[in-house]
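Coordinates from my_file_1.pdb are shown below (PDB, C-alpha atoms).
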```
MODEL        1
ATOM      1  CA  MET A   1     -62.832 -29.115 -12.351
ATOM      2  CA  SER A   2     -63.472 -25.769 -14.031
ATOM      3  CA  LYS A   3     -60.639 -24.070 -15.897
ATOM      4  CA  LEU A   4     -62.459 -20.750 -15.529
ATOM      5  CA  THR A   5     -61.736 -18.260 -12.765
ATOM      6  CA  LEU A   6     -64.193 -15.439 -12.099
ATOM      7  CA  LYS A   7     -63.501 -12.736  -9.536
ATOM      8  CA  THR A   8     -64.792  -9.279  -8.750
ATOM      9  CA  GLU A   9     -62.723  -6.137  -8.303
ATOM     10  CA  GLY A  10     -63.972  -2.940  -6.703
ATOM     11  CA  ASP A  11     -67.686  -2.280  -7.153
ATOM     12  CA  THR A  12     -67.978  -2.476 -10.929
ATOM     13  CA  HIS A  13     -65.534  -5.033 -12.355
ATOM     14  CA  ILE A  14     -65.722  -8.735 -13.194
ATOM     15  CA  VAL A  15     -62.503 -10.457 -14.282
ATOM     16  CA  VAL A  16     -62.638 -13.856 -15.959
ATOM     17  CA  THR A  17     -59.552 -15.878 -16.810
ATOM     18  CA  ARG A  18     -59.366 -19.135 -18.749
ATOM     19  CA  ARG A  19     -56.505 -21.096 -20.281
ATOM     20  CA  PHE A  20     -56.968 -22.721 -23.687
ATOM     21  CA  ALA A  21     -54.837 -25.427 -25.302
ATOM     22  CA  ALA A  22     -54.730 -23.416 -28.524
ATOM     23  CA  PRO A  23     -52.622 -20.505 -29.788
ATOM     24  CA  PRO A  24     -53.785 -16.891 -29.285
ATOM     25  CA  GLU A  25     -54.598 -16.528 -32.996
ATOM     26  CA  ALA A  26     -57.145 -19.377 -32.830
ATOM     27  CA  VAL A  27     -58.793 -18.122 -29.627
ATOM     28  CA  TYR A  28     -58.941 -14.545 -30.981
ATOM     29  CA  ARG A  29     -60.500 -15.731 -34.263
ATOM     30  CA  ALA A  30     -63.117 -17.686 -32.276
ATOM     31  CA  HIS A  31     -64.096 -14.374 -30.621
ATOM     32  CA  THR A  32     -64.401 -12.391 -33.862
ATOM     33  CA  GLU A  33     -65.526 -14.688 -36.721
ATOM     34  CA  PRO A  34     -69.329 -15.139 -36.843
ATOM     35  CA  LYS A  35     -69.289 -18.777 -38.014
ATOM     36  CA  LEU A  36     -67.056 -19.709 -35.074
ATOM     37  CA  ILE A  37     -68.923 -17.575 -32.499
ATOM     38  CA  GLN A  38     -72.194 -19.346 -33.429
ATOM     39  CA  GLN A  39     -70.604 -22.696 -32.576
ATOM     40  CA  TRP A  40     -69.490 -21.921 -29.042
ATOM     41  CA  LEU A  41     -71.094 -18.791 -27.508
ATOM     42  CA  LEU A  42     -74.315 -20.550 -26.585
ATOM     43  CA  GLY A  43     -74.428 -20.915 -22.820
ATOM     44  CA  PRO A  44     -76.388 -23.918 -21.481
ATOM     45  CA  GLU A  45     -77.282 -26.904 -23.674
ATOM     46  CA  GLY A  46     -80.283 -26.399 -25.919
ATOM     47  CA  TRP A  47     -79.549 -22.780 -26.851
ATOM     48  CA  THR A  48     -78.612 -21.646 -30.367
ATOM     49  CA  MET A  49     -77.514 -18.374 -31.952
ATOM     50  CA  PRO A  50     -79.409 -17.992 -35.258
ATOM     51  CA  VAL A  51     -78.193 -14.392 -35.755
ATOM     52  CA  CYS A  52     -74.534 -13.456 -35.340
ATOM     53  CA  ILE A  53     -73.148 -10.180 -36.636
ATOM     54  CA  SER A  54     -69.521  -9.498 -35.759
ATOM     55  CA  ASP A  55     -67.980  -6.753 -37.896
ATOM     56  CA  ALA A  56     -64.532  -7.037 -36.311
ATOM     57  CA  GLN A  57     -63.132  -3.593 -37.022
ATOM     58  CA  THR A  58     -62.967  -0.388 -35.003
ATOM     59  CA  GLY A  59     -66.540   0.963 -34.926
ATOM     60  CA  GLY A  60     -67.911  -2.351 -36.253
ATOM     61  CA  LYS A  61     -71.270  -3.569 -34.977
ATOM     62  CA  ILE A  62     -72.020  -6.652 -32.896
ATOM     63  CA  ARG A  63     -75.416  -8.349 -32.682
ATOM     64  CA  TYR A  64     -76.021 -11.809 -31.241
ATOM     65  CA  GLU A  65     -79.497 -13.359 -30.946
ATOM     66  CA  TRP A  66     -80.057 -16.494 -28.854
ATOM     67  CA  THR A  67     -83.049 -18.802 -28.636
ATOM     68  CA  ASN A  68     -83.773 -21.866 -26.526
ATOM     69  CA  GLY A  69     -86.067 -23.359 -29.193
ATOM     70  CA  LYS A  70     -89.027 -23.138 -26.762
ATOM     71  CA  GLY A  71     -90.035 -19.534 -27.340
ATOM     72  CA  GLY A  72     -87.421 -18.039 -25.044
ATOM     73  CA  GLY A  73     -84.604 -15.821 -26.154
ATOM     74  CA  PHE A  74     -82.724 -12.572 -25.885
ATOM     75  CA  HIS A  75     -80.196 -10.549 -27.812
ATOM     76  CA  LEU A  76     -77.111  -8.406 -27.374
ATOM     77  CA  THR A  77     -75.841  -5.430 -29.363
ATOM     78  CA  GLY A  78     -72.509  -3.672 -29.226
ATOM     79  CA  GLU A  79     -69.631  -2.020 -30.979
ATOM     80  CA  TYR A  80     -65.949  -2.784 -31.329
ATOM     81  CA  LEU A  81     -63.805   0.015 -29.892
ATOM     82  CA  GLU A  82     -60.296  -1.414 -30.400
ATOM     83  CA  LEU A  83     -58.874  -4.536 -32.016
ATOM     84  CA  GLU A  84     -55.256  -5.666 -31.864
ATOM     85  CA  PRO A  85     -55.303  -8.853 -33.965
ATOM     86  CA  PHE A  86     -54.566 -11.974 -31.951
ATOM     87  CA  GLY A  87     -53.837  -9.982 -28.760
ATOM     88  CA  ARG A  88     -56.708  -7.789 -27.598
ATOM     89  CA  ILE A  89     -60.333  -6.841 -28.224
ATOM     90  CA  VAL A  90     -62.174  -3.932 -26.580
ATOM     91  CA  HIS A  91     -65.906  -3.604 -27.106
ATOM     92  CA  VAL A  92     -69.052  -2.302 -25.465
ATOM     93  CA  GLU A  93     -72.195  -4.423 -25.220
ATOM     94  CA  ARG A  94     -75.731  -4.276 -23.913
ATOM     95  CA  MET A  95     -78.157  -7.150 -23.439
ATOM     96  CA  TYR A  96     -81.888  -6.932 -24.122
ATOM     97  CA  LEU A  97     -83.835  -9.018 -21.613
ATOM     98  CA  PRO A  98     -86.151  -7.557 -23.178
ATOM     99  CA  ASP A  99     -85.168  -4.055 -21.977
ATOM    100  CA  PRO A 100     -81.555  -2.999 -22.558
ATOM    101  CA  THR A 101     -79.073  -3.356 -19.748
ATOM    102  CA  PRO A 102     -76.610  -0.536 -19.109
ATOM    103  CA  ASP A 103     -73.499  -0.656 -21.294
ATOM    104  CA  ASN A 104     -70.881  -3.222 -20.306
ATOM    105  CA  HIS A 105     -67.343  -2.251 -21.346
ATOM    106  CA  VAL A 106     -65.302  -5.417 -22.082
ATOM    107  CA  GLU A 107     -61.568  -5.831 -22.670
ATOM    108  CA  THR A 108     -60.396  -9.308 -23.671
ATOM    109  CA  ARG A 109     -56.687 -10.158 -23.835
ATOM    110  CA  PHE A 110     -55.162 -13.237 -25.451
ATOM    111  CA  ASP A 111     -51.658 -13.909 -24.117
ATOM    112  CA  ALA A 112     -49.409 -16.747 -25.239
ATOM    113  CA  ASP A 113     -49.021 -19.171 -22.339
ATOM    114  CA  GLY A 114     -46.675 -22.026 -23.159
ATOM    115  CA  ALA A 115     -48.311 -23.961 -25.982
ATOM    116  CA  GLY A 116     -51.675 -22.307 -25.305
ATOM    117  CA  THR A 117     -53.416 -19.059 -24.470
ATOM    118  CA  LEU A 118     -54.324 -17.278 -21.263
ATOM    119  CA  MET A 119     -57.495 -15.310 -21.957
ATOM    120  CA  THR A 120     -58.332 -12.489 -19.543
ATOM    121  CA  LEU A 121     -61.736 -10.858 -19.909
ATOM    122  CA  ARG A 122     -62.360  -7.713 -17.853
ATOM    123  CA  MET A 123     -65.879  -6.301 -17.685
ATOM    124  CA  THR A 124     -66.544  -2.799 -16.402
ATOM    125  CA  LEU A 125     -70.159  -2.259 -15.410
ATOM    126  CA  PRO A 126     -71.751   1.090 -14.527
ATOM    127  CA  ASP A 127     -72.470   0.282 -10.869
ATOM    128  CA  ALA A 128     -72.492  -2.390  -8.170
ATOM    129  CA  GLN A 129     -76.202  -3.157  -8.662
ATOM    130  CA  THR A 130     -75.741  -3.911 -12.369
ATOM    131  CA  ARG A 131     -72.775  -6.149 -11.575
ATOM    132  CA  ALA A 132     -74.743  -8.014  -8.898
ATOM    133  CA  ALA A 133     -77.655  -8.547 -11.296
ATOM    134  CA  MET A 134     -75.301  -9.891 -13.965
ATOM    135  CA  LEU A 135     -73.637 -12.310 -11.544
ATOM    136  CA  ALA A 136     -77.068 -13.491 -10.339
ATOM    137  CA  THR A 137     -77.934 -14.728 -13.856
ATOM    138  CA  GLY A 138     -75.623 -17.733 -13.477
ATOM    139  CA  MET A 139     -73.223 -16.288 -16.026
ATOM    140  CA  GLU A 140     -70.255 -18.228 -14.617
ATOM    141  CA  LEU A 141     -71.774 -21.618 -15.494
ATOM    142  CA  GLY A 142     -72.904 -20.390 -18.912
ATOM    143  CA  MET A 143     -69.424 -19.044 -19.623
ATOM    144  CA  GLU A 144     -67.704 -22.265 -18.605
ATOM    145  CA  VAL A 145     -69.994 -24.404 -20.805
ATOM    146  CA  SER A 146     -69.387 -22.032 -23.718
ATOM    147  CA  TYR A 147     -65.615 -21.983 -23.174
ATOM    148  CA  VAL A 148     -65.479 -25.793 -23.197
ATOM    149  CA  ARG A 149     -67.085 -25.603 -26.661
ATOM    150  CA  LEU A 150     -64.610 -22.898 -27.698
ATOM    151  CA  GLU A 151     -61.680 -25.054 -26.641
ATOM    152  CA  ASN A 152     -63.048 -28.000 -28.624
ATOM    153  CA  ILE A 153     -63.297 -25.759 -31.706
ATOM    154  CA  THR A 154     -59.884 -24.089 -31.361
ATOM    155  CA  CYS A 155     -58.096 -27.371 -30.755
ATOM    156  CA  LYS A 156     -59.346 -28.563 -34.175
ATOM    157  CA  THR A 157     -57.999 -25.542 -36.086
TER     158      THR A 157
ENDMDL
END
```
Since I need it in another form, could you write the structure as structure tokens?
Amino acid sequence: MSKLTLKTEGDTHIVVTRRFAAPPEAVYRAHTEPKLIQQWLLGPEGWTMPVCISDAQTGGKIRYEWTNGKGGGFHLTGEYLELEPFGRIVHVERMYLPDPTPDNHVETRFDADGAGTLMTLRMTLPDAQTRAAMLATGMELGMEVSYVRLENITCKT
């Protein structure tokens, strides 16, 4: 059974929640440190992230490049807008598939939840059509597979 919950709000929002059996500091670090991001933010099996830039400071750049090892791939760029260490990250991102998608504004919260963390990720997309296209990519399955990897990493730290 999936630990991930994905719901829509209004016309432009996607809200994802997931509990992790790790403290907020570990889950936050896994979202900001390049060597950790490259281990879990991969989506379906067979994908890798050979390029990971995560300059985790206000105004810092983000660039992730994925490949499936069979000639397929895409990348994402973005900027950090706000960082509250171990509690909250706000950034903007755009995917290149190969053309850039409209900006996706993302707020991720990391709240202590017993011995673990409740992560709440809220995406704000420019319009209903962009949100529908994003949901149609199968992002929920890719997120859940990635978050299982994240939990395996954070439980070791």
Practice task
Can you give me, as a ChimeraX atom specification, the residues this file yields under the PyMOL selection byres ((chain A and resi 33) around 10)?
Solution key: /A:28-32,34-38,52-56
* List every protein, DNA or RNA residue with an atom no more than 12 Å from (-80.9, -2.2, -22.2) in the file's coordinates, counting only C-alpha atoms, and format the result as a PyMOL selection string. => chain A and resi 74-78+93-104+130
_I'd like to see the residues matched by the PyMOL selection byres ((chain A and resi 19) around 6) on this file, and ideally I'd get them as a PyMOL selection string._
chain A and resi 18+20+117-118
Atom-to-atom span, CA of Val92 (chain A) and CA of Arg109 (chain A), Å:
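Taking CA of Val92 (chain A) and CA of Arg109 (chain A), their separation equals 14.7 Å.
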### Task
May I have the residues within 12 Å of Asn152 (chain A) as a ChimeraX atom specification, using only C-alpha atoms and disregarding those fewer than 4 positions away in the same chain?
/A:20-22,26-27,30,36,39-40,145-148,156-157
- Message: Report as JSON, numbers by chain all protein, DNA and RNA residues lying within 10 Å of Asn68 (chain A), evaluated on only C-alpha atoms, omitting residues in the same chain fewer than 2 positions from it.
- Response: {"A": [42, 44, 45, 46, 47, 48, 49, 66, 70, 71, 72, 73, 74]}
Put those residues in a file: C-alpha atoms, as a PDB file, in the frame of the given file.
```
ATOM      1  CA  LEU A  42     -74.315 -20.550 -26.585  1.00  0.00           C
ATOM      2  CA  PRO A  44     -76.388 -23.918 -21.481  1.00  0.00           C
ATOM      3  CA  GLU A  45     -77.282 -26.904 -23.674  1.00  0.00           C
ATOM      4  CA  GLY A  46     -80.283 -26.399 -25.919  1.00  0.00           C
ATOM      5  CA  TRP A  47     -79.549 -22.780 -26.851  1.00  0.00           C
ATOM      6  CA  THR A  48     -78.612 -21.646 -30.367  1.00  0.00           C
ATOM      7  CA  MET A  49     -77.514 -18.374 -31.952  1.00  0.00           C
ATOM      8  CA  TRP A  66     -80.057 -16.494 -28.854  1.00  0.00           C
ATOM      9  CA  LYS A  70     -89.027 -23.138 -26.762  1.00  0.00           C
ATOM     10  CA  GLY A  71     -90.035 -19.534 -27.340  1.00  0.00           C
ATOM     11  CA  GLY A  72     -87.421 -18.039 -25.044  1.00  0.00           C
ATOM     12  CA  GLY A  73     -84.604 -15.821 -26.154  1.00  0.00           C
ATOM     13  CA  PHE A  74     -82.724 -12.572 -25.885  1.00  0.00           C
TER      14      PHE A  74
END
```
Return region 132-147 of chain A, completed with N, CA and C atoms, as a compact mmCIF listing (two decimals), in the coordinates of the input.
```
# COMPACT_ATOMS: atom_id res chain seq x y z
N ALA A 132 -74.08 -6.98 -9.69
CA ALA A 132 -74.74 -8.01 -8.90
C ALA A 132 -75.83 -8.71 -9.70
N ALA A 133 -76.60 -7.95 -10.47
CA ALA A 133 -77.66 -8.55 -11.30
C ALA A 133 -77.05 -9.47 -12.35
N MET A 134 -75.94 -9.06 -12.96
CA MET A 134 -75.30 -9.89 -13.96
C MET A 134 -74.79 -11.19 -13.35
N LEU A 135 -74.15 -11.10 -12.21
CA LEU A 135 -73.64 -12.31 -11.54
C LEU A 135 -74.77 -13.25 -11.12
N ALA A 136 -75.92 -12.69 -10.78
CA ALA A 136 -77.07 -13.49 -10.34
C ALA A 136 -77.70 -14.29 -11.47
N THR A 137 -77.35 -14.00 -12.72
CA THR A 137 -77.93 -14.73 -13.86
C THR A 137 -77.35 -16.12 -14.02
N GLY A 138 -76.30 -16.44 -13.27
CA GLY A 138 -75.62 -17.73 -13.48
C GLY A 138 -74.62 -17.67 -14.61
N MET A 139 -74.13 -16.48 -14.90
CA MET A 139 -73.22 -16.29 -16.03
C MET A 139 -71.97 -17.15 -15.95
N GLU A 140 -71.49 -17.45 -14.74
CA GLU A 140 -70.26 -18.23 -14.62
C GLU A 140 -70.43 -19.61 -15.23
N LEU A 141 -71.53 -20.29 -14.93
CA LEU A 141 -71.77 -21.62 -15.49
C LEU A 141 -71.95 -21.53 -17.01
N GLY A 142 -72.71 -20.56 -17.47
CA GLY A 142 -72.90 -20.39 -18.91
C GLY A 142 -71.61 -20.13 -19.64
N MET A 143 -70.73 -19.33 -19.01
CA MET A 143 -69.42 -19.04 -19.62
C MET A 143 -68.58 -20.30 -19.69
N GLU A 144 -68.55 -21.07 -18.61
CA GLU A 144 -67.70 -22.26 -18.60
C GLU A 144 -68.17 -23.26 -19.66
N VAL A 145 -69.47 -23.48 -19.79
CA VAL A 145 -69.99 -24.40 -20.80
C VAL A 145 -69.61 -23.90 -22.20
N SER A 146 -69.75 -22.61 -22.42
CA SER A 146 -69.39 -22.03 -23.72
C SER A 146 -67.89 -22.16 -23.98
N TYR A 147 -67.06 -21.91 -22.98
CA TYR A 147 -65.61 -21.98 -23.17
C TYR A 147 -65.13 -23.41 -23.41
```
